[in-house]
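*Asks:* mmCIF, C-alpha atoms, saved as input.cif, coming up:
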```cif
data_model
#
loop_
_atom_site.label_atom_id
_atom_site.label_comp_id
_atom_site.auth_asym_id
_atom_site.auth_seq_id
_atom_site.Cartn_x
_atom_site.Cartn_y
_atom_site.Cartn_z
CA MET A 1 181.66 288.10 -10.27
CA ALA A 2 179.53 285.15 -9.43
CA ALA A 3 177.72 284.49 -6.18
CA GLY A 4 179.67 282.03 -4.10
CA ASP A 5 183.07 283.52 -5.00
CA PHE A 6 183.34 285.15 -1.57
CA SER A 7 185.65 282.71 0.18
CA ALA A 8 188.95 283.00 2.02
CA SER A 9 190.80 281.38 -0.87
CA ASN A 10 189.28 283.72 -3.44
CA MET A 11 190.00 286.74 -1.25
CA ASN A 12 193.63 285.65 -1.14
CA ARG A 13 193.61 285.58 -4.94
CA ALA A 14 192.31 289.15 -4.87
CA LEU A 15 195.18 290.17 -2.60
CA VAL A 16 197.70 288.50 -4.92
CA ARG A 17 196.20 290.44 -7.82
CA LEU A 18 196.37 293.61 -5.74
CA GLY A 19 200.09 293.04 -5.22
CA GLU A 20 200.53 292.54 -8.96
CA MET A 21 198.82 295.88 -9.56
CA PHE A 22 201.23 297.59 -7.16
CA ALA A 23 204.19 295.98 -8.91
CA SER A 24 203.14 297.29 -12.33
CA PRO A 25 205.49 299.94 -13.77
CA ASN A 26 202.67 302.44 -14.15
CA HIS A 27 198.95 302.89 -13.63
CA THR A 28 196.62 303.14 -16.59
CA VAL A 29 193.74 304.32 -14.40
CA VAL A 30 193.87 307.96 -13.30
CA GLU A 31 191.88 307.25 -10.11
CA LEU A 32 194.90 305.41 -8.71
CA ASN A 33 197.36 308.26 -9.35
CA GLU A 34 197.11 309.94 -5.96
CA PRO A 35 200.55 311.03 -4.75
CA ALA A 36 200.92 311.67 -1.04
CA LEU A 37 204.27 313.46 -1.05
CA SER A 38 203.74 315.59 2.06
CA ALA A 39 202.68 312.53 4.04
CA GLN A 40 205.69 310.60 2.73
CA ALA A 41 208.08 313.33 3.85
CA LEU A 42 206.65 313.61 7.37
CA LEU A 43 206.18 309.90 7.99
CA GLU A 44 209.68 308.90 6.90
CA ASN A 45 211.17 311.63 9.11
CA ASN A 46 209.20 310.58 12.19
CA ARG A 47 211.53 310.44 15.20
CA ALA A 48 209.08 310.16 18.08
CA ARG A 49 208.97 307.19 20.42
CA PHE A 50 205.92 306.22 22.42
CA GLU A 51 204.25 303.43 24.36
CA ARG A 52 201.04 301.68 23.39
CA VAL A 53 198.16 302.34 25.77
CA TYR A 54 195.97 299.35 26.60
CA THR A 55 192.53 299.89 28.06
CA GLY A 56 190.66 296.73 28.96
CA ASN A 57 193.05 294.66 26.83
CA HIS A 58 192.34 296.96 23.90
CA CYS A 59 194.97 299.22 22.35
CA SER A 60 193.28 302.62 22.58
CA GLY A 61 196.21 304.82 21.60
CA VAL A 62 199.73 305.79 22.63
CA LYS A 63 201.50 307.56 25.48
CA ALA A 64 204.25 310.05 24.63
CA TRP A 65 206.80 311.42 27.10
CA PHE A 66 208.15 314.97 27.11
CA LEU A 67 211.02 316.61 28.99
CA ARG A 68 210.24 320.20 29.95
CA GLY A 69 212.29 322.87 31.66
CA ALA A 70 212.40 326.62 32.18
CA HIS A 71 215.26 329.13 32.09
CA ASN A 72 216.39 330.67 35.40
CA PRO A 73 219.25 333.12 34.69
CA ILE A 74 221.63 333.83 37.59
CA THR A 75 222.69 337.48 37.55
CA THR A 76 224.40 337.81 40.96
CA THR A 77 227.45 336.11 42.38
CA PRO A 78 226.42 333.18 44.61
CA ASP A 79 227.45 333.10 48.25
CA SER A 80 230.54 331.05 48.89
CA CYS A 81 228.65 328.02 50.21
CA THR A 82 225.35 328.41 48.36
CA THR A 83 224.37 326.56 45.22
CA PRO A 84 221.76 328.57 43.32
CA ALA A 85 218.36 326.90 43.16
CA GLY A 86 216.78 326.62 39.75
CA VAL A 87 213.29 325.77 38.54
CA TYR A 88 212.24 322.15 38.63
CA SER A 89 212.38 320.36 35.32
CA GLU A 90 209.45 318.18 34.39
CA THR A 91 209.01 314.77 32.86
CA SER A 92 205.44 314.75 31.65
CA SER A 93 203.39 312.36 29.60
CA GLN A 94 200.31 312.68 27.47
CA ASN A 95 197.94 310.04 26.13
CA TYR A 96 196.72 310.25 22.55
CA ASP A 97 193.78 308.21 21.31
CA ASN A 98 193.83 306.36 18.02
CA GLU A 99 191.79 308.06 15.34
CA MET A 100 190.60 307.18 11.88
CA LEU A 101 193.02 309.26 9.82
CA ALA A 102 191.42 308.26 6.51
CA GLY A 103 188.65 305.98 5.30
CA ASP A 104 186.89 305.07 2.08
CA ALA A 105 184.29 302.55 0.92
CA GLN A 106 183.63 300.87 -2.42
CA ARG A 107 181.02 298.38 -3.63
CA VAL A 108 181.04 295.68 -6.27
CA LEU A 109 178.07 293.70 -7.54
CA SER A 110 177.70 290.15 -8.80
CA ALA A 111 175.67 288.79 -11.72
CA ARG A 112 175.88 291.79 -14.03
CA CYS A 113 175.45 291.21 -17.74
CA ASP A 114 178.38 293.55 -18.49
CA ASN A 115 180.67 292.00 -15.89
CA GLU A 116 183.37 290.01 -17.63
CA VAL A 117 185.93 290.60 -14.90
CA ALA A 118 186.86 287.87 -12.44
CA PHE A 119 186.18 288.30 -8.74
CA ALA A 120 189.85 288.71 -7.85
CA GLU A 121 190.40 291.37 -10.51
CA GLU A 122 187.41 293.50 -9.58
CA MET A 123 187.95 293.18 -5.84
CA ALA A 124 191.62 294.14 -6.19
CA PHE A 125 190.73 297.21 -8.24
CA ALA A 126 188.14 298.32 -5.68
CA MET A 127 190.66 297.93 -2.85
CA SER A 128 193.20 299.93 -4.88
CA LEU A 129 190.66 302.76 -5.12
CA VAL A 130 190.14 302.68 -1.35
CA MET A 131 193.87 302.86 -0.68
CA ALA A 132 194.41 305.69 -3.18
CA SER A 133 191.62 307.67 -1.51
CA ASN A 134 193.07 306.98 1.94
CA ARG A 135 196.49 308.22 0.86
CA LYS A 136 194.97 311.44 -0.45
CA GLN A 137 192.96 311.99 2.74
CA LEU A 138 195.98 311.36 4.96
CA ASN A 139 198.08 313.73 2.86
CA GLU A 140 195.42 316.44 3.14
CA ALA A 141 195.07 315.96 6.90
CA ILE A 142 198.84 316.21 7.47
CA ILE A 143 199.14 319.36 5.32
CA ALA A 144 196.31 321.01 7.28
CA ARG A 145 197.97 320.18 10.61
CA ILE A 146 201.36 321.45 9.44
CA ALA A 147 199.84 324.77 8.35
CA ALA A 148 197.97 325.13 11.65
CA GLN A 149 201.21 324.49 13.60
CA ALA A 150 203.18 327.36 12.03
CA GLN A 151 204.70 329.53 14.75
CA THR A 152 205.06 333.27 15.17
CA ASN A 153 208.44 334.42 13.88
CA ILE A 154 211.03 335.38 16.55
CA SER A 155 213.99 335.83 14.19
CA ALA A 156 215.50 338.88 12.57
CA LEU A 157 214.62 338.85 8.87
CA PRO A 158 216.56 339.72 5.71
CA ASP A 159 215.80 343.00 3.99
CA ALA A 160 212.48 343.04 2.13
CA TRP A 161 211.16 340.09 4.17
CA SER A 162 208.20 340.75 6.49
CA THR A 163 205.57 338.93 8.51
CA SER A 164 201.81 338.60 8.52
CA GLY A 165 200.60 336.55 11.45
CA ALA A 166 202.52 333.26 11.34
CA ASP A 167 203.49 333.81 7.67
CA ILE A 168 206.99 335.00 6.81
CA LEU A 169 206.52 336.87 3.54
CA VAL A 170 209.37 336.34 1.09
CA PRO A 171 209.71 338.11 -2.28
CA ALA A 172 209.41 335.74 -5.23
CA ALA A 173 212.93 336.60 -6.41
CA ASP A 174 214.39 335.32 -3.12
CA PHE A 175 213.31 331.71 -3.64
CA LYS A 176 216.68 330.90 -5.22
CA TRP A 177 219.42 328.44 -4.43
CA ASP A 178 221.85 331.19 -3.37
CA ASN A 179 219.36 332.35 -0.72
CA LEU A 180 219.12 328.98 1.04
CA GLY A 181 221.42 330.35 3.73
CA GLU A 182 218.86 333.07 4.50
CA PHE A 183 216.15 330.44 5.02
CA GLN A 184 218.53 328.47 7.23
CA PHE A 185 219.33 331.59 9.26
CA VAL A 186 215.64 332.27 9.92
CA ALA A 187 214.86 328.63 10.74
CA ASN A 188 217.77 328.41 13.19
CA ASN A 189 216.82 331.66 14.90
CA ASN A 190 213.27 330.40 15.29
CA LEU A 191 214.89 327.71 17.49
CA LEU A 192 214.20 324.79 15.19
CA GLY A 193 216.35 321.97 16.49
CA SER A 194 218.68 320.04 14.28
CA PRO A 195 217.89 318.24 12.14
CA TYR A 196 215.02 319.89 10.34
CA PHE A 197 213.85 319.60 6.75
CA MET A 198 211.90 321.73 4.30
CA LEU A 199 208.65 320.94 2.50
CA THR A 200 207.76 323.06 -0.51
CA GLY A 201 205.25 323.32 -3.32
CA TYR A 202 205.92 325.66 -6.23
CA ASN A 203 208.60 327.63 -4.39
CA LEU A 204 212.10 326.30 -5.21
CA TYR A 205 210.60 323.70 -7.58
CA ASN A 206 212.28 325.04 -10.70
CA GLU A 207 215.54 325.66 -8.82
CA LEU A 208 215.64 322.01 -7.76
CA PHE A 209 214.78 320.91 -11.28
CA LEU A 210 217.60 322.98 -12.81
CA SER A 211 220.12 321.71 -10.25
CA GLN A 212 219.36 318.15 -11.37
CA ALA A 213 219.07 318.94 -15.08
CA TYR A 214 222.53 320.53 -15.15
CA ALA A 215 224.14 318.20 -12.64
CA GLN A 216 227.21 317.67 -14.85
CA SER A 217 227.74 321.33 -15.66
CA PRO A 218 230.83 322.86 -13.94
CA GLU A 219 228.94 326.14 -13.58
CA ASN A 220 226.23 324.33 -11.63
CA GLN A 221 228.44 322.91 -8.89
CA ALA A 222 227.68 325.68 -6.38
CA ARG A 223 223.94 325.15 -6.87
CA MET A 224 224.36 321.40 -6.39
CA ARG A 225 226.36 321.86 -3.19
CA ALA A 226 223.79 324.32 -1.81
CA PHE A 227 220.93 321.89 -2.32
CA GLY A 228 223.13 319.02 -1.16
CA ASN A 229 223.44 320.72 2.22
CA SER A 230 219.66 321.06 2.55
CA VAL A 231 216.94 318.43 2.92
CA ILE A 232 214.02 319.56 0.77
CA TYR A 233 210.86 317.61 -0.14
CA GLN A 234 208.36 318.70 -2.78
CA ASP A 235 204.59 318.35 -3.02
CA ALA A 236 203.78 320.33 -6.11
CA ARG A 237 200.31 318.88 -6.51
CA TYR A 238 198.61 319.48 -3.18
CA LEU A 239 200.64 321.63 -0.77
CA ASP A 240 200.00 325.10 -2.20
CA THR A 241 196.42 324.27 -3.16
CA LEU A 242 195.44 323.14 0.32
CA VAL A 243 197.38 325.82 2.20
CA GLY A 244 195.99 328.55 -0.07
CA SER A 245 199.33 330.17 -0.90
CA LYS A 246 202.69 329.29 -2.44
CA SER A 247 204.31 328.06 0.73
CA THR A 248 207.48 326.46 2.04
CA PHE A 249 207.71 324.96 5.53
CA ALA A 250 210.75 324.30 7.70
CA ILE A 251 209.84 321.43 10.05
CA GLU A 252 211.77 320.10 13.01
CA GLN A 253 211.95 316.31 12.99
CA ASN A 254 211.44 316.04 16.74
CA SER A 255 208.29 318.17 16.80
CA PHE A 256 205.73 315.60 15.63
CA ALA A 257 204.73 311.98 16.01
CA PHE A 258 202.98 309.54 13.68
CA TRP A 259 201.83 306.06 14.60
CA ASN A 260 199.85 303.44 12.74
CA PHE A 261 197.53 300.89 14.34
CA SER A 262 196.05 297.74 12.85
CA TRP A 263 194.67 294.43 14.02
CA GLY A 264 193.88 291.04 12.62
CA SER A 265 196.04 289.47 9.95
CA SER A 266 197.19 289.97 6.39
CA THR A 267 195.21 286.80 5.61
CA PRO A 268 191.42 287.39 5.27
CA GLN A 269 189.58 285.99 8.26
CA GLU A 270 185.86 285.47 8.50
CA ILE A 271 184.55 287.36 11.52
CA SER A 272 180.75 286.99 11.28
CA VAL A 273 177.95 285.22 9.47
CA GLY A 274 174.42 286.33 10.16
CA SER A 275 171.71 288.76 9.21
CA THR A 276 174.31 291.28 8.06
CA GLY A 277 175.96 288.71 5.79
CA LYS A 278 179.39 287.16 5.73
CA LYS A 279 182.23 289.48 6.77
CA MET A 280 185.97 289.19 6.36
CA GLN A 281 188.68 291.30 7.93
CA PHE A 282 192.38 291.79 7.06
CA TRP A 283 195.03 294.44 6.59
CA VAL A 284 197.05 295.43 3.52
CA ASN A 285 200.42 297.19 3.40
CA ASP A 286 200.40 300.44 1.46
CA PRO A 287 202.75 300.28 -1.55
CA VAL A 288 203.85 303.92 -1.13
CA LEU A 289 203.63 305.14 2.47
CA ARG A 290 206.18 304.13 5.09
CA TYR A 291 206.76 305.56 8.55
CA ARG A 292 209.81 305.46 10.77
CA ASP A 293 209.31 303.44 13.93
CA GLY A 294 212.56 303.75 15.87
CA THR A 295 215.21 302.64 13.39
CA THR A 296 212.79 300.72 11.18
CA LEU A 297 210.75 301.93 8.22
CA ARG A 298 207.39 300.18 8.34
CA PRO A 299 204.63 300.24 5.71
CA VAL A 300 201.42 302.02 6.63
CA GLN A 301 198.64 299.45 6.93
CA HIS A 302 195.05 299.79 5.74
CA ILE A 303 192.47 297.79 7.72
CA PHE A 304 189.80 296.27 5.49
CA GLU A 305 186.37 294.83 6.08
CA VAL A 306 184.51 293.17 3.22
CA GLU A 307 180.86 292.25 3.68
CA GLU A 308 178.73 290.05 1.43
CA SER A 309 174.96 290.56 1.39
CA CYS A 310 171.97 290.10 -0.88
CA SER A 311 171.29 293.17 -3.00
CA ASP A 312 168.26 292.32 -5.15
CA ARG A 313 167.12 290.21 -8.05
CA ASN A 314 167.97 291.34 -11.55
CA THR A 315 165.51 291.33 -14.45
CA ASN A 316 166.35 287.67 -15.04
CA THR A 317 165.16 286.93 -11.47
CA GLU A 318 168.75 286.06 -10.56
CA ILE A 319 169.83 287.06 -7.05
CA GLN A 320 172.55 289.69 -7.09
CA ILE A 321 175.14 289.76 -4.34
CA GLN A 322 176.82 293.00 -3.32
CA TYR A 323 180.21 293.29 -1.64
CA ASN A 324 180.77 296.32 0.58
CA ILE A 325 184.47 297.16 0.95
CA PHE A 326 185.56 299.47 3.75
CA GLY A 327 189.20 300.40 4.32
CA ARG A 328 190.76 302.89 6.71
CA ILE A 329 194.05 304.06 8.19
CA MET A 330 194.07 304.06 11.99
CA GLY A 331 196.62 305.70 14.26
CA GLY A 332 197.49 309.32 14.84
CA PHE A 333 199.54 312.35 13.82
CA LYS A 334 200.29 314.90 16.55
CA PHE A 335 202.66 317.78 17.22
CA ALA A 336 204.39 318.08 20.58
CA PRO A 337 202.81 320.47 23.10
CA ASN A 338 204.47 323.81 23.79
CA GLY A 339 207.14 324.09 26.45
CA ARG A 340 207.12 326.01 29.74
CA ASP A 341 209.20 329.12 29.19
CA SER A 342 208.53 332.13 26.99
CA ASP A 343 210.71 330.97 24.10
CA SER A 344 209.23 327.48 23.98
CA ASN A 345 205.71 328.86 24.21
CA THR A 346 206.20 330.62 20.88
CA THR A 347 208.17 327.87 19.15
CA LYS A 348 206.19 324.97 17.75
CA GLY A 349 208.66 323.31 15.40
CA VAL A 350 207.20 324.68 12.13
CA VAL A 351 208.21 327.87 10.29
CA LYS A 352 206.15 328.97 7.29
CA PHE A 353 207.58 330.95 4.35
CA VAL A 354 205.05 332.41 1.89
CA ARG A 355 205.77 333.94 -1.52
CA SER A 356 204.71 337.58 -1.40
#
```
Rewrite the coordinates I just gave you, this time as structure tokens.
*Replies:*
Amino acid sequence: MAAGDFSASNMNRALVRLGEMFASPNHTVVELNEPALSAQALLENNRARFERVYTGNHCSGVKAWFLRGAHNPITTTPDSCTTPAGVYSETSSQNYDNEMLAGDAQRVLSARCDNEVAFAEEMAFAMSLVMASNRKQLNEAIIARIAAQAQTNISALPDAWSTSGADILVPAADFKWDNLGEFQFVANNNLLGSPYFMLTGYNLYNELFLSQAYAQSPENQARMRAFGNSVIYQDARYLDTLVGSKSTFAIEQNSFAFWNFSWGSSTPQEISVGSTGKKMQFWVNDPVLRYRDGTTLRPVQHIFEVEESCSDRNTNTEIQIQYNIFGRIMGGFKFAPNGRDSDSNTTKGVVKFVRS
């Protein structure tokens, strides 16, 4: 990369090259192979609606609205002219601030003797690394929040199942396709609303694999129908590792909210020239992650800043220019607060099954 390559037109070439990398049939660089399967499952099942919150003409976060009520059973016959009085229902709201859900920085250097790569190529690769790291961080953050949200079981359990804190302990032999009804029974009796979906790591992985491998076998039709009536996502790489056990979660779609926030443009714009060097700002759509916004699936956007500054002189007395690349995902991921009555105060929208 040569000094002087840092221009809006050359940055656009880098973004074109970045798009070409995303369009490739496979990655040859292991650093880019960062699946974010838990994040994909949650984001694409997002059902929450919210309003943007503006503070001083700046979007500082979102406002979410919740309907809350409490049970008031009537056990005596009302008087002939009296309508029983219940407990007031509530319409409440809560503001949530934007947060940096993930962030990563890379650096590239000009005027290296071993640098035979064009500016656009090297810049695109560095941005790909940032985005891969951001996906991994977001995936890890969402898994941690799911695990922390698991509720105390309030359902009757099948024989040989037990509990330990928020964990529902399930014998290994019960993670089979013909036991999916048992998992559904427990999820329903933990008051998970419909629809809900399941997120699993190792548990059920082989059962799902076999149902697909023998899809044309007549003997496999019952297995196929059982899985066809369930919505199950898999994250075999990270879920169990981060949770610390072989776990499966049942998650209510209406229990959480994800939003993504960005600013600027997809076209690099110069935002400052001064003692800190030339800076450009832009956003890039993630090639993998999408989130549901109402009825629309939108790509998650990474906000980038790229700064050019003098690094040093090399041994040939040539000035070397460094390019600092900072990308992050802004927005939020929150679970709904607990309700008012005793049932709602124990139900949080997430049930955790652990292989015992």
*Asks:* Could you tell me which of A:Val288, A:Val354, A:Val130, A:Val87 comes closest to Arg328 in chain A if we count only C-alpha atoms?
*Replies:*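 Result for the nearest residue to Arg328 in chain A: A:Val130.
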*Asks:* Go through A:Met21, A:Gly244, A:Arg355, A:Gly193 one by one, measure the shortest atom-to-atom distance of each to Ala173 in chain A using all atoms listed in the file, and give the residue with the smallest value.
*Replies:*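 The answer is A:Arg355, which sits nearest to Ala173 in chain A.
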*Asks:* I'd like the residues picked by the PyMOL selection byres ((chain A and resi 257) around 10) written out as a ChimeraX atom specification, using the chain letters and numbers from the file.
*Replies:* /A:42-43,45-50,64,253-256,258-259,292-293,332-336
*Asks:* Please enumerate the residues selected by the PyMOL selection byres ((chain A and resi 136) around 12) when evaluated against the supplied file, formatted as number ranges by chain.
*Replies:* A: 31-40, 101-104, 129-135, 137-143, 237-239, 242, 288-289, 328-329
*Asks:* Set the distance at 7 Å and use all atoms listed in the file: which residues neighbour Leu204 in chain A once local chain neighbours fewer than 2 positions away are removed? I'd like the list as a ChimeraX atom specification.
*Replies:* /A:175-176,202,206-208
*Asks:* Just C-alpha atoms for this one: save the residues we selected as a PDB file, keeping the file's coordinate frame.
*Replies:*
```pdb
ATOM      1  CA  PHE A 175     213.310 331.710  -3.640  1.00  0.00           C
ATOM      2  CA  LYS A 176     216.680 330.900  -5.220  1.00  0.00           C
ATOM      3  CA  TYR A 202     205.920 325.660  -6.230  1.00  0.00           C
ATOM      4  CA  ASN A 206     212.280 325.040 -10.700  1.00  0.00           C
ATOM      5  CA  GLU A 207     215.540 325.660  -8.820  1.00  0.00           C
ATOM      6  CA  LEU A 208     215.640 322.010  -7.760  1.00  0.00           C
TER       7      LEU A 208
END
```
*Asks:* Go through A:Ala148, A:Met123, A:Ala85, A:Leu18 and flag the residue nearest Ser110 in chain A, using only C-alpha atoms for the distances.
*Replies:*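 Once distances to Ser110 in chain A are computed over only C-alpha atoms, the minimum belongs to A:Met123.
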*Asks:* Choose the residue, out of A:Asn72, A:Gln149, A:Gln106, A:Asn316, that has the smallest atom-to-atom separation from Thr347 in chain A; count all atoms listed in the file.
*Replies:*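 Checking each candidate against Thr347 in chain A, we get A:Gln149 as the closest.
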*Asks:* Provide the CA of Ser265 in chain A to CA of Trp283 in chain A distance in Å, to one decimal place.
*Replies:*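 Answer for the CA of Ser265 in chain A to CA of Trp283 in chain A separation: 6.1 Å.
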*Asks:* Excluding same-chain residues fewer than 4 positions from range 178-181 of chain A, what lies within 12 Å of it counting only C-alpha atoms, as JSON, numbers by chain?
*Replies:* {"A": [158, 170, 171, 172, 173, 174, 185, 186, 187, 188, 198, 203, 204, 207, 208, 211, 220, 221, 222, 223, 224, 225, 226, 227, 228, 229, 230, 231, 232, 248, 250]}
*Asks:* Interatomic distance between CA of Lys278 in chain A and CA of Ser128 in chain A?
*Replies:*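 Distance reported for this atom pair: 21.6 Å.
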*Asks:* Carefully work through the PyMOL selection byres ((chain A and resi 17) around 12) for this structure and note down the residues it includes, as a list in words.
*Replies:* Asn10, Met11, Asn12, Arg13, Ala14, Leu15, Val16, Leu18, Gly19, Glu20, Met21, Phe22, Ala23, Ser24, Ala118, Phe119, Ala120, Glu121, Glu122, Met123, Ala124, Phe125, Ala126, Met127 and Ser128 of chain A
*Asks:* One decimal, Å: what's the distance from CA of Val300 in chain A over to CA of Met100 in chain A, could you say?
*Replies:*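 Between CA of Val300 in chain A and CA of Met100 in chain A the gap works out to 13.1 Å.
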*Asks:* For Phe66 in chain A, work out the shell of residues within 8 Å, counting all atoms listed in the file and skipping chain neighbours fewer than 3 positions away, then give it as a list in words.
*Replies:*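 Residues near the query, excluding close chain neighbours: Thr91, Ser92 and Ser93 of chain A.
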*Asks:* Can you tell me, as a VMD selection string, what residues are no more than 6 Å from Arg290 in chain A when counting all atoms listed in the file, ignoring any on the same chain fewer than 6 positions away?
*Replies:* chain A and resid 297 to 300
*Asks:* Kindly export the residues of the current selection with C-alpha atoms, as a tab-separated table (two decimals), in the coordinates of the input.
*Replies:*
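Result file follows (selection.tsv):
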```
chain	number	residue	atom	x	y	z
A	297	LEU	CA	210.75	301.93	8.22
A	298	ARG	CA	207.39	300.18	8.34
A	299	PRO	CA	204.63	300.24	5.71
A	300	VAL	CA	201.42	302.02	6.63
```
*Asks:* Name the closest residue to Gln234 in chain A among the candidates A:Tyr88, A:Tyr214, A:Phe261, A:Tyr205; distances are taken between atoms, counting only C-alpha atoms.
*Replies:*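 Comparing A:Tyr88, A:Tyr214, A:Phe261, A:Tyr205 against Gln234 in chain A, the winner is A:Tyr205.
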*Asks:* Is it possible to dump range 322-334 of chain A as a PDB file, in the first residue's frame, including just N, CA and C atoms?
*Replies:*
```pdb
ATOM      1  N   GLN A 322       0.341   4.545   8.565  1.00  0.00           N
ATOM      2  CA  GLN A 322      -0.477   3.484   9.139  1.00  0.00           C
ATOM      3  C   GLN A 322      -1.944   3.856   9.021  1.00  0.00           C
ATOM      4  N   TYR A 323      -2.778   2.817   8.902  1.00  0.00           N
ATOM      5  CA  TYR A 323      -4.219   2.991   8.764  1.00  0.00           C
ATOM      6  C   TYR A 323      -4.887   2.205   9.884  1.00  0.00           C
ATOM      7  N   ASN A 324      -5.464   2.928  10.835  1.00  0.00           N
ATOM      8  CA  ASN A 324      -6.186   2.304  11.944  1.00  0.00           C
ATOM      9  C   ASN A 324      -7.637   2.086  11.535  1.00  0.00           C
ATOM     10  N   ILE A 325      -8.106   0.864  11.689  1.00  0.00           N
ATOM     11  CA  ILE A 325      -9.449   0.477  11.245  1.00  0.00           C
ATOM     12  C   ILE A 325     -10.229   0.014  12.466  1.00  0.00           C
ATOM     13  N   PHE A 326     -11.305   0.712  12.763  1.00  0.00           N
ATOM     14  CA  PHE A 326     -12.130   0.402  13.927  1.00  0.00           C
ATOM     15  C   PHE A 326     -13.560   0.177  13.470  1.00  0.00           C
ATOM     16  N   GLY A 327     -14.095  -1.011  13.772  1.00  0.00           N
ATOM     17  CA  GLY A 327     -15.475  -1.332  13.412  1.00  0.00           C
ATOM     18  C   GLY A 327     -16.228  -1.857  14.611  1.00  0.00           C
ATOM     19  N   ARG A 328     -17.513  -1.514  14.715  1.00  0.00           N
ATOM     20  CA  ARG A 328     -18.309  -1.978  15.847  1.00  0.00           C
ATOM     21  C   ARG A 328     -19.758  -2.153  15.431  1.00  0.00           C
ATOM     22  N   ILE A 329     -20.476  -2.929  16.242  1.00  0.00           N
ATOM     23  CA  ILE A 329     -21.916  -3.116  16.098  1.00  0.00           C
ATOM     24  C   ILE A 329     -22.580  -2.378  17.246  1.00  0.00           C
ATOM     25  N   MET A 330     -23.438  -1.419  16.917  1.00  0.00           N
ATOM     26  CA  MET A 330     -24.146  -0.630  17.921  1.00  0.00           C
ATOM     27  C   MET A 330     -25.625  -1.038  17.944  1.00  0.00           C
ATOM     28  N   GLY A 331     -26.228  -0.907  19.096  1.00  0.00           N
ATOM     29  CA  GLY A 331     -27.646  -1.241  19.235  1.00  0.00           C
ATOM     30  C   GLY A 331     -27.903  -1.814  20.606  1.00  0.00           C
ATOM     31  N   GLY A 332     -28.662  -2.893  20.666  1.00  0.00           N
ATOM     32  CA  GLY A 332     -28.944  -3.505  21.952  1.00  0.00           C
ATOM     33  C   GLY A 332     -29.626  -4.848  21.808  1.00  0.00           C
ATOM     34  N   PHE A 333     -29.524  -5.651  22.858  1.00  0.00           N
ATOM     35  CA  PHE A 333     -30.218  -6.935  22.954  1.00  0.00           C
ATOM     36  C   PHE A 333     -30.705  -7.067  24.391  1.00  0.00           C
ATOM     37  N   LYS A 334     -32.034  -7.056  24.584  1.00  0.00           N
ATOM     38  CA  LYS A 334     -32.596  -7.063  25.931  1.00  0.00           C
ATOM     39  C   LYS A 334     -33.740  -8.060  26.011  1.00  0.00           C
TER      40      LYS A 334
END
```
